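> So that you have it, the file is data-v8.txt, and it contains compact mmCIF, C-alpha atoms:
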# COMPACT_ATOMS: atom_id res chain seq x y z
CA MET V 1 -19.74 -2.77 -88.14
CA VAL V 2 -17.72 -4.62 -85.50
CA LYS V 3 -13.96 -4.14 -85.73
CA ILE V 4 -11.27 -6.44 -84.40
CA ALA V 5 -7.83 -4.94 -84.02
CA GLY V 6 -4.65 -6.45 -82.67
CA ALA V 7 -1.09 -7.23 -83.57
CA ILE V 8 -0.65 -10.92 -84.32
CA LEU V 9 2.33 -12.78 -82.88
CA VAL V 10 3.11 -16.07 -84.49
CA GLY V 11 5.77 -18.65 -83.63
CA LEU V 12 8.14 -20.01 -86.25
CA ALA V 13 9.27 -23.60 -86.58
CA ASP V 14 12.78 -24.02 -85.23
CA ASP V 15 14.32 -24.76 -88.59
CA LEU V 16 12.56 -22.05 -90.58
CA GLY V 17 14.99 -19.40 -89.37
CA VAL V 18 17.69 -21.21 -91.30
CA LEU V 19 15.60 -21.23 -94.45
CA SER V 20 14.62 -17.57 -94.24
CA GLY V 21 17.86 -16.16 -92.88
CA ASN V 22 16.30 -15.79 -89.41
CA ALA V 23 15.06 -12.23 -89.75
CA ALA V 24 14.42 -12.08 -86.01
CA HIS V 25 18.15 -12.04 -85.39
CA GLN V 26 18.95 -9.47 -88.07
CA GLU V 27 19.18 -5.76 -87.41
CA GLY V 28 15.76 -4.25 -87.96
CA GLY V 29 14.15 -7.68 -88.31
CA HIS V 30 10.38 -7.93 -87.82
CA VAL V 31 10.11 -11.62 -86.98
CA GLN V 32 9.79 -12.72 -83.37
CA LEU V 33 10.30 -16.37 -82.47
CA LEU V 34 7.82 -17.54 -79.85
CA PRO V 35 7.71 -20.68 -77.71
CA GLY V 36 4.76 -22.96 -78.02
CA CYS V 37 4.24 -22.33 -81.74
CA LYS V 38 0.92 -20.59 -81.46
CA ILE V 39 -0.79 -17.39 -82.47
CA VAL V 40 -1.82 -14.97 -79.76
CA SER V 41 -2.80 -11.34 -80.01
CA GLN V 42 -0.49 -8.67 -78.66
CA ASP V 43 -2.98 -7.66 -75.97
CA ASP V 44 -4.06 -11.22 -75.08
CA ARG V 45 -7.26 -11.22 -77.10
CA ASN V 46 -7.69 -14.89 -77.82
CA PHE V 47 -8.22 -15.81 -81.45
CA GLY V 48 -7.84 -19.47 -80.49
CA ILE V 49 -5.62 -20.30 -83.44
CA LYS V 50 -2.92 -22.92 -83.02
CA HIS V 51 -0.43 -24.00 -85.64
CA SER V 52 2.83 -25.83 -85.74
CA THR V 53 4.76 -23.37 -87.89
CA LEU V 54 3.91 -19.70 -87.94
CA PHE V 55 5.24 -16.16 -88.16
CA HIS V 56 4.98 -12.72 -86.64
CA ALA V 57 3.13 -9.99 -88.51
CA GLY V 58 4.21 -7.02 -86.49
CA SER V 59 1.55 -4.47 -87.42
CA LYS V 60 -1.97 -3.61 -86.30
CA ILE V 61 -4.83 -4.96 -88.41
CA ALA V 62 -8.51 -4.17 -88.54
CA LEU V 63 -10.94 -6.72 -89.91
CA ASP V 64 -14.53 -6.29 -91.00
CA GLN V 65 -16.65 -8.77 -89.03
CA ASP V 66 -18.75 -9.86 -92.01
CA VAL V 67 -15.94 -11.25 -94.15
CA ASN V 68 -12.48 -10.35 -92.97
CA SER V 69 -12.62 -11.71 -89.41
CA HIS V 70 -13.18 -15.03 -91.14
CA ALA V 71 -9.48 -14.97 -92.02
CA PHE V 72 -8.63 -15.69 -88.39
CA GLU V 73 -11.75 -17.22 -86.89
CA GLY V 74 -11.82 -19.57 -89.86
CA LEU V 75 -8.27 -20.81 -89.47
CA GLU V 76 -9.07 -22.56 -86.19
CA ARG V 77 -12.10 -24.26 -87.70
CA LEU V 78 -10.27 -25.18 -90.90
CA CYS V 79 -7.33 -26.81 -89.10
CA THR V 80 -8.50 -30.40 -89.19
CA GLU V 81 -6.54 -33.38 -87.94
CA ARG V 82 -6.25 -35.77 -90.87
CA SER V 83 -4.00 -38.79 -90.94
CA ALA V 84 -3.52 -39.15 -94.69
CA ASP V 85 -2.52 -36.93 -97.57
CA GLY V 86 -5.43 -36.01 -99.75
CA ILE V 87 -7.40 -33.50 -101.79
CA VAL V 88 -10.97 -32.42 -101.07
CA THR V 89 -12.81 -30.73 -103.91
CA ALA V 90 -15.83 -28.46 -103.72
CA PRO V 91 -18.88 -28.05 -105.96
CA ALA V 92 -17.76 -26.09 -108.99
CA PHE V 93 -19.07 -22.72 -110.14
CA PRO V 94 -18.42 -21.54 -113.72
CA GLY V 95 -14.93 -20.05 -113.73
CA ILE V 96 -14.17 -20.98 -110.09
CA GLU V 97 -12.77 -24.17 -108.59
CA ARG V 98 -11.99 -24.75 -104.89
CA ILE V 99 -9.95 -27.36 -103.04
CA GLU V 100 -8.44 -28.24 -99.70
CA ALA V 101 -5.18 -30.19 -99.77
CA GLN V 102 -3.09 -31.84 -97.07
CA PHE V 103 0.37 -33.18 -97.84
CA SER V 104 3.70 -34.21 -96.43
CA GLY V 105 6.91 -33.82 -98.39
CA ASN V 106 6.96 -32.76 -102.03
CA ALA V 107 3.40 -33.02 -103.33
CA PHE V 108 3.44 -31.48 -106.81
CA GLU V 109 6.04 -31.58 -109.55
CA PRO V 110 6.50 -28.45 -111.72
CA HIS V 111 3.26 -27.61 -113.52
CA ARG V 112 1.15 -24.62 -114.57
CA HIS V 113 -2.53 -23.70 -114.68
CA ASP V 114 -4.42 -21.43 -117.05
CA THR V 115 -6.13 -19.75 -114.10
CA TYR V 116 -5.15 -17.54 -111.20
CA ALA V 117 -4.37 -19.77 -108.21
CA LEU V 118 -5.34 -17.89 -105.05
CA GLY V 119 -4.99 -19.58 -101.70
CA VAL V 120 -4.47 -19.38 -97.96
CA THR V 121 -2.05 -21.57 -96.04
CA ILE V 122 -3.96 -23.09 -93.12
CA LYS V 123 -1.36 -25.19 -91.30
CA GLY V 124 2.36 -25.83 -91.64
CA VAL V 125 4.83 -24.26 -94.06
CA GLN V 126 3.97 -24.20 -97.75
CA THR V 127 7.01 -24.13 -100.02
CA PHE V 128 7.26 -23.91 -103.79
CA SER V 129 9.57 -22.81 -106.59
CA TYR V 130 8.25 -19.84 -108.57
CA ARG V 131 9.96 -17.40 -110.94
CA GLY V 132 13.36 -18.87 -110.19
CA GLU V 133 13.16 -18.61 -106.39
CA ARG V 134 12.18 -20.84 -103.49
CA ARG V 135 9.13 -19.41 -101.71
CA PHE V 136 7.56 -20.01 -98.31
CA SER V 137 4.04 -19.32 -97.07
CA MET V 138 2.92 -19.47 -93.44
CA PRO V 139 -0.58 -19.88 -91.98
CA GLY V 140 -2.74 -16.88 -92.78
CA GLN V 141 -0.61 -15.71 -95.69
CA VAL V 142 -2.10 -15.41 -99.17
CA LEU V 143 -0.71 -17.08 -102.29
CA VAL V 144 -1.13 -15.40 -105.68
CA LEU V 145 0.06 -17.50 -108.63
CA HIS V 146 -0.51 -16.16 -112.11
CA PRO V 147 -1.87 -18.11 -115.06
CA ASP V 148 0.61 -20.09 -117.14
CA GLU V 149 3.49 -19.63 -114.66
CA GLU V 150 5.28 -22.82 -113.66
CA HIS V 151 5.49 -23.83 -110.00
CA ASP V 152 5.75 -26.92 -107.83
CA GLY V 153 4.58 -27.39 -104.26
CA GLY V 154 5.01 -29.21 -101.00
CA ALA V 155 5.49 -29.03 -97.25
CA GLY V 156 8.44 -27.03 -95.94
CA THR V 157 8.83 -29.01 -92.70
CA ASP V 158 8.23 -32.53 -91.43
CA ASP V 159 4.98 -31.36 -89.82
CA GLY V 160 3.22 -31.43 -93.19
CA LEU V 161 0.98 -28.87 -94.87
CA GLN V 162 -2.69 -27.95 -95.11
CA TYR V 163 -3.99 -25.23 -97.42
CA ARG V 164 -7.05 -24.14 -99.37
CA MET V 165 -6.86 -22.90 -102.93
CA LEU V 166 -9.24 -21.23 -105.33
CA TYR V 167 -8.67 -21.33 -109.09
CA LEU V 168 -10.16 -18.28 -110.80
CA GLU V 169 -10.48 -17.85 -114.54
CA PRO V 170 -8.90 -14.56 -115.68
CA ALA V 171 -12.03 -13.73 -117.68
CA LEU V 172 -14.01 -13.21 -114.46
CA LEU V 173 -11.48 -10.68 -113.22
CA LEU V 174 -11.29 -8.96 -116.59
CA GLU V 175 -15.05 -8.55 -116.77
CA CYS V 176 -14.98 -6.95 -113.33
CA LEU V 177 -11.99 -4.70 -114.00
CA ASP V 178 -13.22 -3.65 -117.43
CA GLU V 179 -15.58 -1.19 -115.75
CA GLU V 180 -12.53 0.40 -114.12
CA LYS V 181 -10.78 0.57 -117.50
CA ILE V 182 -7.79 -1.46 -116.33
CA GLY V 183 -6.38 -4.79 -117.43
CA LEU V 184 -5.57 -7.95 -115.51
CA PRO V 185 -3.57 -7.29 -112.32
CA PHE V 186 0.02 -8.53 -112.16
CA VAL V 187 1.24 -9.11 -108.60
CA ASP V 188 5.01 -9.40 -108.28
CA GLU V 189 5.10 -11.19 -104.93
CA PRO V 190 3.50 -14.67 -104.86
CA VAL V 191 3.19 -14.67 -101.04
CA ILE V 192 1.62 -11.64 -99.39
CA TRP V 193 0.39 -10.67 -95.94
CA ASP V 194 -3.08 -9.19 -96.40
CA PRO V 195 -5.69 -10.14 -93.78
CA ILE V 196 -8.47 -8.47 -95.77
CA LEU V 197 -7.73 -10.44 -98.94
CA ALA V 198 -7.27 -13.61 -96.87
CA GLY V 199 -10.69 -13.04 -95.32
CA THR V 200 -12.23 -12.51 -98.72
CA LEU V 201 -10.79 -15.78 -100.02
CA LEU V 202 -11.82 -17.72 -96.93
CA ALA V 203 -15.38 -16.49 -97.35
CA ALA V 204 -15.45 -18.75 -100.43
CA LEU V 205 -13.07 -21.40 -99.09
CA GLY V 206 -14.46 -21.77 -95.58
CA GLU V 207 -17.25 -24.24 -96.36
CA LEU V 208 -16.25 -26.42 -99.29
CA ASP V 209 -19.48 -28.41 -99.22
CA ARG V 210 -21.44 -25.21 -99.87
CA GLU V 211 -22.32 -24.34 -103.44
CA LEU V 212 -21.58 -20.78 -104.51
CA ASP V 213 -24.45 -18.67 -105.82
CA GLU V 214 -24.29 -15.92 -108.41
CA LEU V 215 -24.89 -12.99 -106.05
CA PHE V 216 -22.10 -14.17 -103.75
CA VAL V 217 -19.70 -14.68 -106.65
CA ASP V 218 -20.34 -11.21 -108.09
CA ASP V 219 -19.39 -9.60 -104.79
CA PHE V 220 -16.54 -12.04 -104.20
CA VAL V 221 -14.89 -11.42 -107.58
CA SER V 222 -15.21 -7.67 -107.06
CA ARG V 223 -13.46 -7.93 -103.69
CA VAL V 224 -10.72 -10.18 -105.07
CA ALA V 225 -10.14 -7.86 -108.03
CA GLY V 226 -9.75 -4.92 -105.67
CA GLY V 227 -7.42 -6.88 -103.40
CA LEU V 228 -5.17 -7.97 -106.27
CA ALA V 229 -5.15 -4.49 -107.81
CA LYS V 230 -3.86 -3.10 -104.50
CA HIS V 231 -0.76 -5.30 -104.75
CA ALA V 232 -0.31 -5.11 -108.53
CA ARG V 233 2.01 -3.06 -110.67
CA THR V 234 0.76 -0.01 -112.51
CA PRO V 235 -2.49 -1.18 -114.15
CA GLN V 236 -2.14 -2.57 -117.63
CA ARG V 237 -4.02 -1.15 -120.56
CA PRO V 238 -7.59 -2.43 -120.75
CA LEU V 239 -8.64 -4.68 -123.59
CA GLY V 240 -10.83 -2.81 -126.10
CA SER V 241 -14.47 -3.82 -126.35
CA VAL V 242 -14.12 -5.20 -129.89
CA ALA V 243 -11.02 -7.22 -129.02
CA TRP V 244 -12.73 -8.53 -125.87
CA GLN V 245 -15.79 -9.58 -127.89
CA ARG V 246 -13.68 -11.43 -130.46
CA ALA V 247 -11.66 -13.17 -127.76
CA ARG V 248 -14.87 -14.35 -126.12
CA LEU V 249 -16.13 -15.70 -129.44
CA ALA V 250 -12.96 -17.76 -129.73
CA ARG V 251 -13.26 -18.96 -126.15
CA ASP V 252 -16.89 -20.00 -126.61
CA TYR V 253 -15.98 -21.90 -129.78
CA LEU V 254 -13.15 -23.72 -127.98
CA GLU V 255 -15.49 -24.61 -125.12
CA ALA V 256 -18.04 -26.05 -127.54
CA HIS V 257 -15.42 -28.10 -129.42
CA ALA V 258 -13.09 -28.97 -126.55
CA THR V 259 -12.68 -32.65 -127.43
CA GLU V 260 -12.18 -31.99 -131.14
CA THR V 261 -9.25 -30.79 -133.23
CA VAL V 262 -9.64 -27.03 -133.69
CA ARG V 263 -7.54 -25.27 -136.32
CA SER V 264 -6.48 -21.64 -136.53
CA GLY V 265 -8.52 -21.15 -139.70
CA GLU V 266 -11.71 -22.04 -137.85
CA LEU V 267 -11.07 -19.39 -135.22
CA GLU V 268 -10.28 -16.84 -137.93
CA VAL V 269 -13.68 -17.49 -139.48
CA VAL V 270 -15.47 -17.37 -136.13
CA THR V 271 -13.81 -14.16 -134.92
CA GLY V 272 -13.01 -12.28 -138.12
CA LEU V 273 -9.44 -11.77 -136.90
CA ASP V 274 -6.21 -13.11 -138.31
CA ARG V 275 -4.62 -15.79 -136.15
CA PHE V 276 -1.85 -13.56 -134.81
CA SER V 277 -4.12 -10.70 -133.74
CA LEU V 278 -6.45 -13.24 -132.17
CA ALA V 279 -3.57 -14.83 -130.25
CA ARG V 280 -2.61 -11.43 -128.79
CA HIS V 281 -6.19 -10.51 -127.85
CA PHE V 282 -6.90 -13.97 -126.44
CA ARG V 283 -3.87 -13.87 -124.16
CA ALA V 284 -4.73 -10.35 -123.00
CA ALA V 285 -8.25 -11.53 -122.12
CA PHE V 286 -7.57 -14.96 -120.65
CA ALA V 287 -3.83 -14.90 -119.79
CA THR V 288 -3.14 -17.96 -121.93
CA SER V 289 -3.11 -19.04 -125.57
CA PRO V 290 -6.04 -20.56 -127.50
CA HIS V 291 -4.09 -23.81 -127.79
CA ARG V 292 -3.47 -24.11 -124.06
CA TYR V 293 -7.02 -23.04 -123.23
CA LEU V 294 -8.33 -25.90 -125.38
CA LEU V 295 -5.89 -28.35 -123.80
CA MET V 296 -6.92 -27.36 -120.27
CA ARG V 297 -10.61 -27.82 -121.08
CA ARG V 298 -9.84 -31.34 -122.29
CA LEU V 299 -7.93 -32.03 -119.10
CA GLN V 300 -10.83 -30.77 -117.00
CA TYR V 301 -13.15 -33.22 -118.73
CA ALA V 302 -10.56 -35.97 -118.31
CA ARG V 303 -10.16 -35.24 -114.62
CA ALA V 304 -13.90 -35.42 -114.05
CA MET V 305 -14.07 -38.80 -115.81
CA ILE V 306 -11.10 -40.12 -113.82
CA GLY V 307 -12.78 -38.98 -110.62
CA ALA V 308 -15.86 -40.93 -111.67
CA GLY V 309 -13.77 -44.09 -111.99
CA GLU V 310 -13.40 -44.28 -115.79
CA GLY V 311 -10.38 -46.12 -117.20
CA LEU V 312 -7.54 -44.00 -118.57
CA SER V 313 -7.70 -45.44 -122.07
CA ASP V 314 -11.41 -44.65 -122.30
CA VAL V 315 -10.85 -41.18 -120.86
CA ALA V 316 -8.10 -40.44 -123.38
CA ALA V 317 -10.27 -41.51 -126.30
CA ALA V 318 -13.27 -39.49 -125.09
CA THR V 319 -11.37 -36.26 -124.45
CA GLY V 320 -9.35 -35.89 -127.63
CA PHE V 321 -5.98 -37.33 -126.57
CA ALA V 322 -4.12 -39.72 -128.84
CA ASP V 323 -3.71 -42.39 -126.17
CA GLN V 324 -3.26 -42.98 -122.45
CA SER V 325 0.39 -41.88 -122.41
CA HIS V 326 -0.50 -38.67 -124.24
CA LEU V 327 -3.15 -37.91 -121.61
CA THR V 328 -0.83 -38.79 -118.72
CA ARG V 329 1.97 -36.57 -120.02
CA HIS V 330 -0.25 -33.49 -120.32
CA PHE V 331 -2.11 -34.22 -117.07
CA LYS V 332 1.17 -34.26 -115.16
CA LYS V 333 2.31 -30.99 -116.76
CA ALA V 334 -0.97 -29.31 -115.81
CA TYR V 335 -1.50 -30.67 -112.29
CA GLY V 336 1.93 -31.76 -111.09
CA MET V 337 1.00 -35.43 -110.67
CA THR V 338 -0.14 -38.38 -112.76
CA PRO V 339 -3.83 -39.25 -113.19
CA GLY V 340 -3.31 -42.28 -110.96
CA GLN V 341 -1.75 -40.20 -108.19
CA TRP V 342 -4.55 -37.66 -108.40
CA ALA V 343 -7.20 -40.39 -108.23
CA SER V 344 -5.49 -41.94 -105.20
CA LEU V 345 -5.39 -38.62 -103.36
CA ARG V 346 -9.06 -38.08 -104.10
CA GLN V 347 -9.82 -41.51 -102.64
CA ALA V 348 -7.77 -40.66 -99.56
CA SER V 349 -9.79 -37.53 -98.90
CA PRO V 350 -12.37 -37.63 -96.10
CA GLN V 351 -15.12 -36.65 -98.54
CA ASP V 352 -15.45 -37.24 -102.26
CA ARG V 353 -17.01 -34.22 -103.89
CA SER V 354 -17.35 -33.48 -107.57
CA GLY V 355 -15.66 -30.46 -109.03
CA ALA V 356 -12.18 -29.17 -109.05
CA ARG V 357 -8.46 -29.62 -109.02
For the structure just supplied, provide its representation as structure tokens.

Amino acid sequence: MVKIAGAILVGLADDLGVLSGNAAHQEGGHVQLLPGCKIVSQDDRNFGIKHSTLFHAGSKIALDQDVNSHAFEGLERLCTERSADGIVTAPAFPGIERIEAQFSGNAFEPHRHDTYALGVTIKGVQTFSYRGERRFSMPGQVLVLHPDEEHDGGAGTDDGLQYRMLYLEPALLLECLDEEKIGLPFVDEPVIWDPILAGTLLAALGELDRELDELFVDDFVSRVAGGLAKHARTPQRPLGSVAWQRARLARDYLEAHATETVRSGELEVVTGLDRFSLARHFRAAFATSPHRYLLMRRLQYARAMIGAGEGLSDVAAATGFADQSHLTRHFKKAYGMTPGQWASLRQASPQDRSGAR
């Protein structure tokens, strides 16, 4: 196993010190402002990574060559020069969606997903409001946003923003962690410095035109689960096998009837649980409610149809929404932009791939 070790020095944009309180100038601060705005290793090993807005991680790191060195070698390759804002989507895998996004200014209005949103900032400063605070992520840092938690998003400086994000259904993590007898991990900090976890994510995010296969995903989810557990609070109680089975029955029923009206009584019959017990077990398993899970499946279908060029009125009728305005309202709440804005960003992307958010 080849190891790469070195302290990473990263330059900050001139105005970021104001935003962050300029930790470099505080007693005991660990941020060092560098000229040239580039990453270099402490001992002049050349990672060849250049960014406009970066930071100093003042500790030694060791990266496994197979996956984790990808966190740094990949950043250079992923930093593409694109003239327009846009979203590139990757081929989807059940329970996993992947995107690359490039934006200037405020890109997303407040919205929330029913998945974990795990990403790596590639270029620029990524800023977003989350849990009542303004957050900032620099190139190489990892974002961990929990299901059903509201956030917005945009570029923190005039230089714009490039990032890659992976949306992971909580059920995949729960299935993995169930063997360890722990529940879903809850990470307090939405922006973390973890080169190993960044490398793991970039192993899936590095080549968006590549389809993921089952063997890769099994190992990937296991690595991600371990990485999140390392940063999480004391593990939550695991979901019992019976409760997990009933929650999956409800989920499968919602998947099969996503464009229809599903009532609580139907789920009670399918699962054998009363609606309130089911709601508790469902949220423990999938980090969202049955109602919102159904809504998000409809929106996924709607998004795919919009991406294929279907008219909004036809999409609304086909996916269970009352009308176009009903669809638009929920689409904006889920994705932070209107269907028209999303379609325009897809068209502005250098490649048009089927799949994700």
> Let me make sure I understand: among V:Gly154, V:Tyr293, V:Phe321, V:Leu173, which one has the smallest atom-to-atom distance to V:Val125 if we use only C-alpha atoms?
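With only C-alpha atoms as the atom set, the closest residue is V:Gly154.
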> Find the residue from V:Thr288, V:Glu109, V:Val221, V:Phe282 that sits nearest to V:Gly240; use only C-alpha atoms when measuring.
V:Phe282
> So which one's closest to V:Leu205, V:Pro110, V:Gly340, V:Gly119, V:Gly105? Using only C-alpha atoms, please.
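For V:Leu205, the nearest of the candidates is V:Gly119.
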> List as a PDB file with C-alpha atoms, keeping the file's coordinate frame the protein and nucleic acid residues near V:Val315, meaning an atom at most 6 Å away when all atoms listed in the file are counted, but skip any in the same chain fewer than 3 places from it.

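Saved the output as around-v2.pdb:
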ATOM      1  CA  ALA V 302     -10.560 -35.970-118.310  1.00  0.00           C
ATOM      2  CA  LEU V 312      -7.540 -44.000-118.570  1.00  0.00           C
ATOM      3  CA  ALA V 318     -13.270 -39.490-125.090  1.00  0.00           C
TER       4      ALA V 318
END
> Using all atoms listed in the file, can you tell me which of V:Leu172, V:Leu239, V:Leu208, V:Val120 comes closest to V:Val88?
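Ranked by minimum distance to V:Val88, first place goes to V:Leu208.
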> Which is closest to V:Glu255 among V:Thr338, V:Thr121, V:Gln141, V:Gln300, if we use all atoms listed in the file?
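Closest to V:Glu255, using all atoms listed in the file: V:Gln300.
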> Of the residues V:Ser104, V:Leu177, V:Asp188, V:Asp219, which is the one nearest to V:Gly156, using all atoms listed in the file?
V:Ser104
> In Å, how far is it from atom CA of V:Pro170 to atom CA of V:Leu202?
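Rounded to one decimal, the two atoms are 19.2 Å apart.
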> When you draw a straight line from atom CA of V:Gly272 to atom CA of V:His257, how long is it in Å?
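Separation of atom CA of V:Gly272 and atom CA of V:His257: 18.2 Å.
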> Model the absent atoms of stretch 93-121 of chain V so that N, CA and C atoms are present, and write the result as a PDB file, in the coordinates of the input.

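Result file selection_24.pdb:
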ATOM      1  N   PHE V  93     -18.280 -23.826-109.606  1.00  0.00           N
ATOM      2  CA  PHE V  93     -19.070 -22.720-110.140  1.00  0.00           C
ATOM      3  C   PHE V  93     -18.360 -22.290-111.407  1.00  0.00           C
ATOM      4  N   PRO V  94     -19.092 -21.902-112.465  1.00  0.00           N
ATOM      5  CA  PRO V  94     -18.420 -21.540-113.720  1.00  0.00           C
ATOM      6  C   PRO V  94     -17.293 -20.524-113.510  1.00  0.00           C
ATOM      7  N   GLY V  95     -16.080 -20.931-113.852  1.00  0.00           N
ATOM      8  CA  GLY V  95     -14.930 -20.050-113.730  1.00  0.00           C
ATOM      9  C   GLY V  95     -14.234 -20.104-112.385  1.00  0.00           C
ATOM     10  N   ILE V  96     -14.750 -20.898-111.439  1.00  0.00           N
ATOM     11  CA  ILE V  96     -14.170 -20.980-110.090  1.00  0.00           C
ATOM     12  C   ILE V  96     -14.101 -22.440-109.656  1.00  0.00           C
ATOM     13  N   GLU V  97     -12.934 -22.854-109.185  1.00  0.00           N
ATOM     14  CA  GLU V  97     -12.770 -24.170-108.590  1.00  0.00           C
ATOM     15  C   GLU V  97     -12.121 -23.998-107.216  1.00  0.00           C
ATOM     16  N   ARG V  98     -12.482 -24.874-106.263  1.00  0.00           N
ATOM     17  CA  ARG V  98     -11.990 -24.750-104.890  1.00  0.00           C
ATOM     18  C   ARG V  98     -11.540 -26.118-104.375  1.00  0.00           C
ATOM     19  N   ILE V  99     -10.436 -26.120-103.641  1.00  0.00           N
ATOM     20  CA  ILE V  99      -9.950 -27.360-103.040  1.00  0.00           C
ATOM     21  C   ILE V  99      -9.402 -27.112-101.643  1.00  0.00           C
ATOM     22  N   GLU V 100      -9.306 -28.189-100.882  1.00  0.00           N
ATOM     23  CA  GLU V 100      -8.440 -28.240 -99.700  1.00  0.00           C
ATOM     24  C   GLU V 100      -7.458 -29.370 -99.931  1.00  0.00           C
ATOM     25  N   ALA V 101      -6.195 -29.153 -99.597  1.00  0.00           N
ATOM     26  CA  ALA V 101      -5.180 -30.190 -99.770  1.00  0.00           C
ATOM     27  C   ALA V 101      -4.366 -30.327 -98.493  1.00  0.00           C
ATOM     28  N   GLN V 102      -3.989 -31.559 -98.192  1.00  0.00           N
ATOM     29  CA  GLN V 102      -3.090 -31.840 -97.070  1.00  0.00           C
ATOM     30  C   GLN V 102      -2.009 -32.784 -97.566  1.00  0.00           C
ATOM     31  N   PHE V 103      -0.741 -32.405 -97.324  1.00  0.00           N
ATOM     32  CA  PHE V 103       0.370 -33.180 -97.840  1.00  0.00           C
ATOM     33  C   PHE V 103       1.525 -33.196 -96.854  1.00  0.00           C
ATOM     34  N   SER V 104       2.387 -34.185 -97.053  1.00  0.00           N
ATOM     35  CA  SER V 104       3.700 -34.210 -96.430  1.00  0.00           C
ATOM     36  C   SER V 104       4.719 -34.334 -97.550  1.00  0.00           C
ATOM     37  N   GLY V 105       5.875 -33.723 -97.377  1.00  0.00           N
ATOM     38  CA  GLY V 105       6.910 -33.820 -98.390  1.00  0.00           C
ATOM     39  C   GLY V 105       6.565 -33.037 -99.641  1.00  0.00           C
ATOM     40  N   ASN V 106       7.195 -33.423-100.748  1.00  0.00           N
ATOM     41  CA  ASN V 106       6.960 -32.760-102.030  1.00  0.00           C
ATOM     42  C   ASN V 106       5.710 -33.342-102.674  1.00  0.00           C
ATOM     43  N   ALA V 107       4.689 -32.522-102.847  1.00  0.00           N
ATOM     44  CA  ALA V 107       3.400 -33.020-103.330  1.00  0.00           C
ATOM     45  C   ALA V 107       3.258 -32.897-104.837  1.00  0.00           C
ATOM     46  N   PHE V 108       3.678 -31.751-105.400  1.00  0.00           N
ATOM     47  CA  PHE V 108       3.440 -31.480-106.810  1.00  0.00           C
ATOM     48  C   PHE V 108       4.758 -31.253-107.537  1.00  0.00           C
ATOM     49  N   GLU V 109       4.912 -31.878-108.677  1.00  0.00           N
ATOM     50  CA  GLU V 109       6.040 -31.580-109.550  1.00  0.00           C
ATOM     51  C   GLU V 109       5.737 -30.300-110.325  1.00  0.00           C
ATOM     52  N   PRO V 110       6.739 -29.706-110.993  1.00  0.00           N
ATOM     53  CA  PRO V 110       6.500 -28.450-111.720  1.00  0.00           C
ATOM     54  C   PRO V 110       5.337 -28.586-112.707  1.00  0.00           C
ATOM     55  N   HIS V 111       4.440 -27.610-112.662  1.00  0.00           N
ATOM     56  CA  HIS V 111       3.260 -27.610-113.520  1.00  0.00           C
ATOM     57  C   HIS V 111       2.746 -26.183-113.623  1.00  0.00           C
ATOM     58  N   ARG V 112       1.725 -25.958-114.438  1.00  0.00           N
ATOM     59  CA  ARG V 112       1.150 -24.620-114.570  1.00  0.00           C
ATOM     60  C   ARG V 112      -0.327 -24.726-114.918  1.00  0.00           C
ATOM     61  N   HIS V 113      -1.105 -23.781-114.426  1.00  0.00           N
ATOM     62  CA  HIS V 113      -2.530 -23.700-114.680  1.00  0.00           C
ATOM     63  C   HIS V 113      -2.818 -22.588-115.682  1.00  0.00           C
ATOM     64  N   ASP V 114      -4.024 -22.567-116.213  1.00  0.00           N
ATOM     65  CA  ASP V 114      -4.420 -21.430-117.050  1.00  0.00           C
ATOM     66  C   ASP V 114      -5.335 -20.490-116.280  1.00  0.00           C
ATOM     67  N   THR V 115      -5.312 -20.586-114.969  1.00  0.00           N
ATOM     68  CA  THR V 115      -6.130 -19.750-114.100  1.00  0.00           C
ATOM     69  C   THR V 115      -5.234 -19.038-113.088  1.00  0.00           C
ATOM     70  N   TYR V 116      -5.781 -18.033-112.423  1.00  0.00           N
ATOM     71  CA  TYR V 116      -5.150 -17.540-111.200  1.00  0.00           C
ATOM     72  C   TYR V 116      -5.327 -18.618-110.129  1.00  0.00           C
ATOM     73  N   ALA V 117      -4.279 -18.875-109.364  1.00  0.00           N
ATOM     74  CA  ALA V 117      -4.370 -19.770-108.210  1.00  0.00           C
ATOM     75  C   ALA V 117      -4.217 -18.909-106.964  1.00  0.00           C
ATOM     76  N   LEU V 118      -5.299 -18.768-106.217  1.00  0.00           N
ATOM     77  CA  LEU V 118      -5.340 -17.890-105.050  1.00  0.00           C
ATOM     78  C   LEU V 118      -5.645 -18.737-103.823  1.00  0.00           C
ATOM     79  N   GLY V 119      -4.784 -18.693-102.827  1.00  0.00           N
ATOM     80  CA  GLY V 119      -4.990 -19.580-101.700  1.00  0.00           C
ATOM     81  C   GLY V 119      -4.550 -19.003-100.381  1.00  0.00           C
ATOM     82  N   VAL V 120      -4.863 -19.733 -99.328  1.00  0.00           N
ATOM     83  CA  VAL V 120      -4.470 -19.380 -97.960  1.00  0.00           C
ATOM     84  C   VAL V 120      -3.865 -20.619 -97.319  1.00  0.00           C
ATOM     85  N   THR V 121      -2.663 -20.482 -96.790  1.00  0.00           N
ATOM     86  CA  THR V 121      -2.050 -21.570 -96.040  1.00  0.00           C
ATOM     87  C   THR V 121      -2.753 -21.678 -94.686  1.00  0.00           C
TER      88      THR V 121
END
